[in-house]
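File shown: upload.pdb (PDB, C-alpha atoms, pLDDT in the B column).
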```pdb
MODEL        1
ATOM      1  CA  MET A 237      28.900 -23.855-101.629  1.00 83.00           C
ATOM      2  CA  THR A 238      25.699 -21.894-101.966  1.00 89.00           C
ATOM      3  CA  VAL A 239      25.576 -18.480-103.603  1.00 80.00           C
ATOM      4  CA  THR A 240      22.726 -16.149-102.745  1.00 84.00           C
ATOM      5  CA  TRP A 241      22.221 -13.517-105.435  1.00 82.00           C
ATOM      6  CA  GLN A 242      20.588 -10.310-104.264  1.00 87.00           C
ATOM      7  CA  GLY A 243      19.854  -7.030-105.961  1.00 91.00           C
ATOM      8  CA  VAL A 244      20.745  -6.179-109.547  1.00 90.00           C
ATOM      9  CA  CYS A 245      23.815  -7.938-110.960  1.00 89.00           C
ATOM     10  CA  ALA A 246      24.766  -6.987-114.510  1.00 89.00           C
ATOM     11  CA  ALA A 247      26.846  -9.052-116.908  1.00 87.00           C
ATOM     12  CA  VAL A 248      29.613  -6.885-118.360  1.00 86.00           C
ATOM     13  CA  ILE A 249      30.856  -8.180-121.702  1.00 84.00           C
ATOM     14  CA  ALA A 250      34.140  -6.931-123.131  1.00 84.00           C
ATOM     15  CA  GLN A 251      33.654  -4.537-126.047  1.00 85.00           C
ATOM     16  CA  PHE A 252      35.748  -5.030-129.175  1.00 84.00           C
ATOM     17  CA  SER A 253      37.219  -2.654-131.748  1.00 86.00           C
ATOM     18  CA  ALA A 254      37.014  -3.209-135.510  1.00 85.00           C
ATOM     19  CA  ASP A 255      40.417  -4.945-135.443  1.00 85.00           C
ATOM     20  CA  ASP A 256      39.119  -7.491-132.859  1.00 80.00           C
ATOM     21  CA  SER A 257      41.181  -6.034-130.013  1.00 84.00           C
ATOM     22  CA  ILE A 258      39.457  -5.353-126.713  1.00 83.00           C
ATOM     23  CA  ASN A 259      38.285  -1.754-126.491  1.00 88.00           C
ATOM     24  CA  PHE A 260      39.254  -1.103-122.887  1.00 90.00           C
ATOM     25  CA  ALA A 261      37.993   2.495-122.849  1.00 93.00           C
ATOM     26  CA  THR A 262      34.487   1.527-123.984  1.00 91.00           C
ATOM     27  CA  THR A 263      34.387  -1.441-121.617  1.00 88.00           C
ATOM     28  CA  ALA A 264      35.474   0.788-118.714  1.00 91.00           C
ATOM     29  CA  ASN A 265      32.862   3.424-119.624  1.00 93.00           C
ATOM     30  CA  MET A 266      30.149   0.770-119.674  1.00 90.00           C
ATOM     31  CA  SER A 267      31.271  -0.489-116.252  1.00 90.00           C
ATOM     32  CA  ASP A 268      31.355   3.062-114.854  1.00 93.00           C
ATOM     33  CA  GLU A 269      27.841   3.687-116.144  1.00 93.00           C
ATOM     34  CA  LEU A 270      26.558   0.559-114.391  1.00 91.00           C
ATOM     35  CA  ILE A 271      28.242   1.654-111.150  1.00 91.00           C
ATOM     36  CA  ASN A 272      26.661   5.115-111.504  1.00 94.00           C
ATOM     37  CA  LYS A 273      23.266   3.438-111.925  1.00 92.00           C
ATOM     38  CA  ALA A 274      23.878   1.677-108.576  1.00 88.00           C
ATOM     39  CA  VAL A 275      23.994  -1.965-109.642  1.00 91.00           C
ATOM     40  CA  HIS A 276      24.737  -4.256-106.710  1.00 91.00           C
ATOM     41  CA  GLY A 277      27.238  -6.423-108.561  1.00 89.00           C
ATOM     42  CA  MET A 278      28.863  -7.027-111.916  1.00 87.00           C
ATOM     43  CA  ILE A 279      29.826 -10.276-113.577  1.00 86.00           C
ATOM     44  CA  ALA A 280      32.754  -9.790-115.943  1.00 81.00           C
ATOM     45  CA  LEU A 281      32.657 -11.863-119.118  1.00 72.00           C
ATOM     46  CA  ALA A 282      35.525 -12.157-121.536  1.00 64.00           C
ATOM     47  CA  ILE A 283      34.467 -13.867-124.727  1.00 66.00           C
ATOM     48  CA  ALA A 284      36.042 -14.261-128.127  1.00 62.00           C
ATOM     49  CA  SER A 285      35.726 -11.372-130.529  1.00 63.00           C
ATOM     50  CA  PRO A 286      32.754 -11.428-132.914  1.00 61.00           C
ATOM     51  CA  THR A 287      35.028 -12.359-135.815  1.00 62.00           C
ATOM     52  CA  ASN A 288      36.626 -15.222-133.916  1.00 61.00           C
ATOM     53  CA  LEU A 289      33.251 -16.529-132.746  1.00 59.00           C
ATOM     54  CA  THR A 290      32.233 -17.138-136.337  1.00 60.00           C
ATOM     55  CA  LYS A 291      35.357 -19.288-136.807  1.00 58.00           C
ATOM     56  CA  LEU A 292      34.595 -21.652-133.917  1.00 57.00           C
ATOM     57  CA  LYS A 293      33.680 -25.204-134.821  1.00 60.00           C
ATOM     58  CA  TRP A 294      30.969 -26.383-132.461  1.00 56.00           C
ATOM     59  CA  ALA A 295      31.085 -29.986-131.250  1.00 53.00           C
ATOM     60  CA  LYS A 296      28.192 -32.139-132.331  1.00 52.00           C
TER      61      LYS A 296
ENDMDL
END
```

Is it possible to express this structure as structure tokens?
Amino acid sequence: MTVTWQGVCAAVIAQFSADDSINFATTANMSDELINKAVHGMIALAIASPTNLTKLKWAK
């Protein structure tokens, strides 16, 4: 399968609140703003919260 990327595609990363829960309102506002700026596509990324990222043990 070949994917042909065209135009502006923005990566949308979930925004987190201070308690490490996903801040859906802020994430939705960010997505709406990108749509209003006429991006051609969005790539949704769900990653661990900043606090949980610091707890990950990376493989060597």

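Taking CA of Asp256 in chain A and CA of Gly277 in chain A as the two end points, the separation is 27.1 Å.
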
Query raised in the report: If we count all atoms listed in the file, what is near Met266 in chain A at a cut-off of 10 Å, once residues fewer than 6 positions away on the same chain are taken out, given as a count of residues only?
Result: 6

Requested in this report: Take the PyMOL selection byres ((chain A and resi 244) around 6), apply it to the structure above, and return the hits as number ranges by chain.
Outcome: A: 243, 245, 275-276

Query raised in the report: In Å, with one decimal, what is the gap from CA of Lys273 in chain A to CA of Trp241 in chain A?
Result: 18.2 Å

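Here CA of Ser253 in chain A and CA of Ala274 in chain A stand 27.1 Å from one another.
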
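Across A:Ala254, A:Met237, A:Gln242, A:Ala247, the tightest approach to Leu270 in chain A is made by A:Ala247 when counting all atoms listed in the file.
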
Please give the centre and size of the box around range 248-252 of chain A (axis-aligned, containing every atom listed in the file, 8 Å added per side), with values in Å to one decimal and written as AutoDock Vina command-line options.
```
--center_x 32.7 --center_y -6.4 --center_z -123.8 --size_x 22.1 --size_y 19.6 --size_z 26.8
```

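With distances restricted to only C-alpha atoms, A:Ala246 is the closest residue to Met278 in chain A from A:Thr263, A:Ile258, A:Phe252, A:Ala246.
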